[in-house]
Amino acid sequence: MNMNDRILYQSCPLCVSTSFQFHKEGNCSQHPLYSPVLSPIIRWNRCLDCGHVFAEGYYTPEAQKLVLARTVQNQVTGTDLENARFISARMVDRMLPYVSEGRWLDIGFGSGSLLFTAMEYGFTPIGSDLRFENVELLKRMGIEAYSKEIHELELQAKCAVVSMADVLEHVPYPKAALAKVHDLLEDGGMLMISMPNMDSAIWRALDQKQLNPYWGELEHLHNFGRARLYALLSACGFEPKSYGVSMRYRVCMEVIAQKV
Ligand SMILES: [Zn+2]
């Protein structure tokens with residue numbers, strides 16, 4: 001029997017409009033983090049005012065605990081560092097024209113690859129991750145690390161860079177999270193943010209073939225396109241500076257923006 005696993009959105013989580021309608025259904029029963037007490041179906045809505053596409057609700061604390069109790073291997077700190085280093089280096093390289101030193105906070109650091117690579121380049125790494133064991137591992141290495149939700153983060157000092165690689169689409173209220181990130185950055189600080197891009201041709205091609213993995217991605221609450229992400233960034237005090245394709249996961253974009 002399925003538990004009552006989601007807290008339903010009463011309005012669009014981005015623009016607060018109450019006009020939204022059912023958009024599409026996804027099946028998450030084959031997802032590695034799926035637990036049989038969770039609903040196998042994810043219902044997606046579309047906001048009629050801002051066009052945002054979002055899951056009908058986010059997991060209750062009890063359901064979230066079940067999801068976090070399982071871990072996909074690439075979310076474990078220390079996994080596949082040698083291969084991931086090449087992908088991470090490309091991300092740091094993209095940041096270098098804007099900033100080349102200072103404190104780099106990676107929210108949802110997972111394998112730790114991006115932080116370790118930023119450290120190689122001379123940045124001071126700071127990590128945040130909801131998986132407690134990952135945080136303990138980083139702390140044992142002498143790295144400032146936190147196991148907190150974004151809105152609860154209190155750092156020792158502000159940061160030159162904050163990265164959120166495949167994180168914002170997991171957060172129930174992205175605007176509040178970006179407001180907090182804005183606050184954690186130094187003046188003129190840089191944000192790097194990646195997530196799937198539903199405005200891309202490859203997304204549509206996967207939809208046509210019924211092979212798009214993201215409708216059944218149980219950890220995702222939002223599907224952004226580039227335009228909706230840029231509008232959100234601007235509304236939260238960031239100026240998008242550079243668009244790129246993310247090498248981390250399928251169909252993803254990687255945007256660099258500056259705190260204004
Ligand atoms: Zn909306």
# chains A, B, ... in the order shown; residues from 1 in each chain; ligands from 1
>>> closest_atom_pairs(of="chain A", to="ligand 1", cutoff="6 Å", atoms="only C-alpha atoms and all ligand atoms", output="Markdown table")
| residue | atom | partner | partner_atom_place_in_ligand_line | distance |
| --- | --- | --- | --- | --- |
| A:Cys12 | CA | ligand 1 | 1 (Zn) | 4.6 |
| A:Leu14 | CA | ligand 1 | 1 (Zn) | 5.2 |
| A:Cys15 | CA | ligand 1 | 1 (Zn) | 4.1 |
| A:Val16 | CA | ligand 1 | 1 (Zn) | 5.9 |
| A:Ser17 | CA | ligand 1 | 1 (Zn) | 5.4 |
| A:Cys47 | CA | ligand 1 | 1 (Zn) | 4.6 |
| A:Asp49 | CA | ligand 1 | 1 (Zn) | 5.2 |
| A:Cys50 | CA | ligand 1 | 1 (Zn) | 4.0 |
| A:Gly51 | CA | ligand 1 | 1 (Zn) | 5.9 |
| A:His52 | CA | ligand 1 | 1 (Zn) | 5.3 |
>>> write_last_selection(atoms="N, CA, C and O atoms", output="CSV table (one decimal), in the first residue's frame")
chain,number,residue,atom,x,y,z
A,12,CYS,N,1.6,27.7,-8.1
A,12,CYS,CA,2.9,27.5,-8.8
A,12,CYS,C,4.1,27.8,-7.9
A,12,CYS,O,4.1,28.9,-7.3
A,14,LEU,N,6.9,28.8,-8.4
A,14,LEU,CA,7.8,29.9,-8.9
A,14,LEU,C,7.0,31.2,-8.8
A,14,LEU,O,7.5,32.2,-8.3
A,15,CYS,N,5.8,31.3,-9.4
A,15,CYS,CA,5.1,32.6,-9.5
A,15,CYS,C,3.9,32.7,-8.7
A,15,CYS,O,3.2,33.7,-8.7
A,16,VAL,N,3.6,31.6,-7.9
A,16,VAL,CA,2.5,31.6,-6.9
A,16,VAL,C,1.1,31.7,-7.6
A,16,VAL,O,0.1,31.8,-6.9
A,17,SER,N,1.0,31.6,-8.9
A,17,SER,CA,-0.3,31.6,-9.6
A,17,SER,C,-1.0,30.3,-9.2
A,17,SER,O,-0.5,29.2,-9.0
A,47,CYS,N,2.1,25.5,-15.1
A,47,CYS,CA,1.5,26.8,-14.6
A,47,CYS,C,1.0,27.5,-15.9
A,47,CYS,O,1.7,27.7,-16.9
A,49,ASP,N,0.3,30.7,-16.0
A,49,ASP,CA,0.8,32.0,-16.0
A,49,ASP,C,2.2,32.1,-16.5
A,49,ASP,O,2.6,32.9,-17.3
A,50,CYS,N,3.1,31.3,-15.8
A,50,CYS,CA,4.5,31.5,-16.1
A,50,CYS,C,5.1,30.3,-16.9
A,50,CYS,O,6.2,30.3,-17.3
A,51,GLY,N,4.3,29.3,-17.2
A,51,GLY,CA,4.7,28.1,-18.0
A,51,GLY,C,5.6,27.1,-17.3
A,51,GLY,O,6.0,26.1,-17.8
A,52,HIS,N,5.8,27.3,-15.9
A,52,HIS,CA,6.6,26.4,-15.2
A,52,HIS,C,6.0,25.0,-15.1
A,52,HIS,O,4.8,24.9,-14.9
>>> select_by_dssp(residues="stretch 11-149 of chain A", states="alpha helix (DSSP H)", output="ChimeraX atom specification")
/A:61-69,81-95,113-120,132-140
>>> residues_around(residues="A:Asn212", least_positions_apart="5", cutoff="7 Å", atoms="only C-alpha atoms", output="number ranges by chain")
A: 203, 206-207
>>> write_last_selection(atoms="C-alpha atoms", output="tab-separated table (two decimals), in the first residue's frame")
chain	number	residue	atom	x	y	z
A	203	TRP	CA	14.45	16.67	-24.67
A	206	LEU	CA	13.33	11.77	-26.11
A	207	ASP	CA	9.70	12.70	-25.38
>>> closest_atom_pairs(of="stretch 118-165 of chain A", to="stretch 175-198 of chain A", cutoff="12 Å", atoms="only C-alpha atoms", output="Markdown table")
| residue | atom | partner | partner_atom | distance |
| --- | --- | --- | --- | --- |
| A:Ile126 | CA | A:Leu184 | CA | 11.8 |
| A:Glu149 | CA | A:Ala177 | CA | 9.0 |
| A:Ile150 | CA | A:Ala177 | CA | 6.0 |
| A:His151 | CA | A:Lys180 | CA | 5.9 |
| A:Glu152 | CA | A:Lys180 | CA | 8.7 |
| A:Leu153 | CA | A:Lys180 | CA | 8.3 |
| A:Glu154 | CA | A:Leu184 | CA | 8.2 |
| A:Leu155 | CA | A:Leu184 | CA | 7.6 |
| A:Gln156 | CA | A:Leu184 | CA | 10.0 |
| A:Ala157 | CA | A:Leu184 | CA | 8.0 |
| A:Lys158 | CA | A:Leu184 | CA | 5.2 |
| A:Cys159 | CA | A:Leu185 | CA | 4.8 |
| A:Ala160 | CA | A:Gly189 | CA | 4.8 |
| A:Val161 | CA | A:Met190 | CA | 4.8 |
| A:Val162 | CA | A:Leu191 | CA | 5.0 |
| A:Ser163 | CA | A:Met192 | CA | 4.6 |
| A:Met164 | CA | A:Ile193 | CA | 4.8 |
| A:Ala165 | CA | A:Ser194 | CA | 4.8 |
>>> write_last_selection(atoms="C-alpha atoms", output="CSV table (one decimal), in the first residue's frame")
chain,number,residue,atom,x,y,z
A,126,ILE,CA,33.1,24.3,1.3
A,149,GLU,CA,18.9,22.4,3.8
A,150,ILE,CA,19.9,25.4,1.7
A,151,HIS,CA,17.8,27.8,3.7
A,152,GLU,CA,19.4,26.7,7.0
A,153,LEU,CA,23.0,27.2,5.8
A,154,GLU,CA,25.2,29.5,8.0
A,155,LEU,CA,28.8,29.7,6.7
A,156,GLN,CA,31.9,31.0,8.4
A,157,ALA,CA,32.2,33.6,5.6
A,158,LYS,CA,30.7,34.6,2.3
A,159,CYS,CA,31.8,32.8,-0.9
A,160,ALA,CA,33.3,33.8,-4.2
A,161,VAL,CA,31.5,31.0,-6.0
A,162,VAL,CA,28.4,28.8,-5.3
A,163,SER,CA,27.7,25.8,-7.5
A,164,MET,CA,24.5,24.0,-7.6
A,165,ALA,CA,25.0,21.1,-10.0
>>> closest_residue(among="A:Leu115, A:Ile42, A:Ala231, A:Leu168", to="A:Ala145", atoms="only C-alpha atoms")
A:Leu115
>>> closest_residue(among="A:Lys148, A:Lys259, A:Arg248, A:Lys209", to="A:Ser88", atoms="only C-alpha atoms")
A:Arg248
>>> closest_residue(among="A:Asn83, A:Ser19, A:Asn74, A:Ser29", to="A:Glu217", atoms="only C-alpha atoms")
A:Ser29
>>> closest_atom_pairs(of="stretch 137-190 of chain A", to="stretch 58-67 of chain A", cutoff="9 Å", atoms="only C-alpha atoms", output="Markdown table")
| residue | atom | partner | partner_atom | distance |
| --- | --- | --- | --- | --- |
| A:His170 | CA | A:Tyr58 | CA | 8.9 |
| A:Val171 | CA | A:Tyr58 | CA | 8.6 |
| A:Pro172 | CA | A:Tyr58 | CA | 6.2 |
>>> select_by_dssp(residues="stretch 154-238 of chain A", states="strand (DSSP E or B)", output="PyMOL selection string")
chain A and resi 159-165+185-196+222-223+238
>>> closest_residue(among="A:Pro213, A:Gly225, A:Gly237, A:Pro125", to="A:Val255", atoms="only C-alpha atoms")
A:Gly225
>>> atom_distance(atom1="atom CA of A:Ile7", atom2="atom CA of A:Tyr173")
12.5 Å
>>> closest_residue(among="A:Gln75, A:Met91, A:Leu96, A:Glu239", to="A:Asp129", atoms="only C-alpha atoms")
A:Gln75
>>> closest_residue(among="A:Glu25, A:Glu120, A:Asp166, A:Asp106", to="A:Glu56", atoms="only C-alpha atoms")
A:Glu25
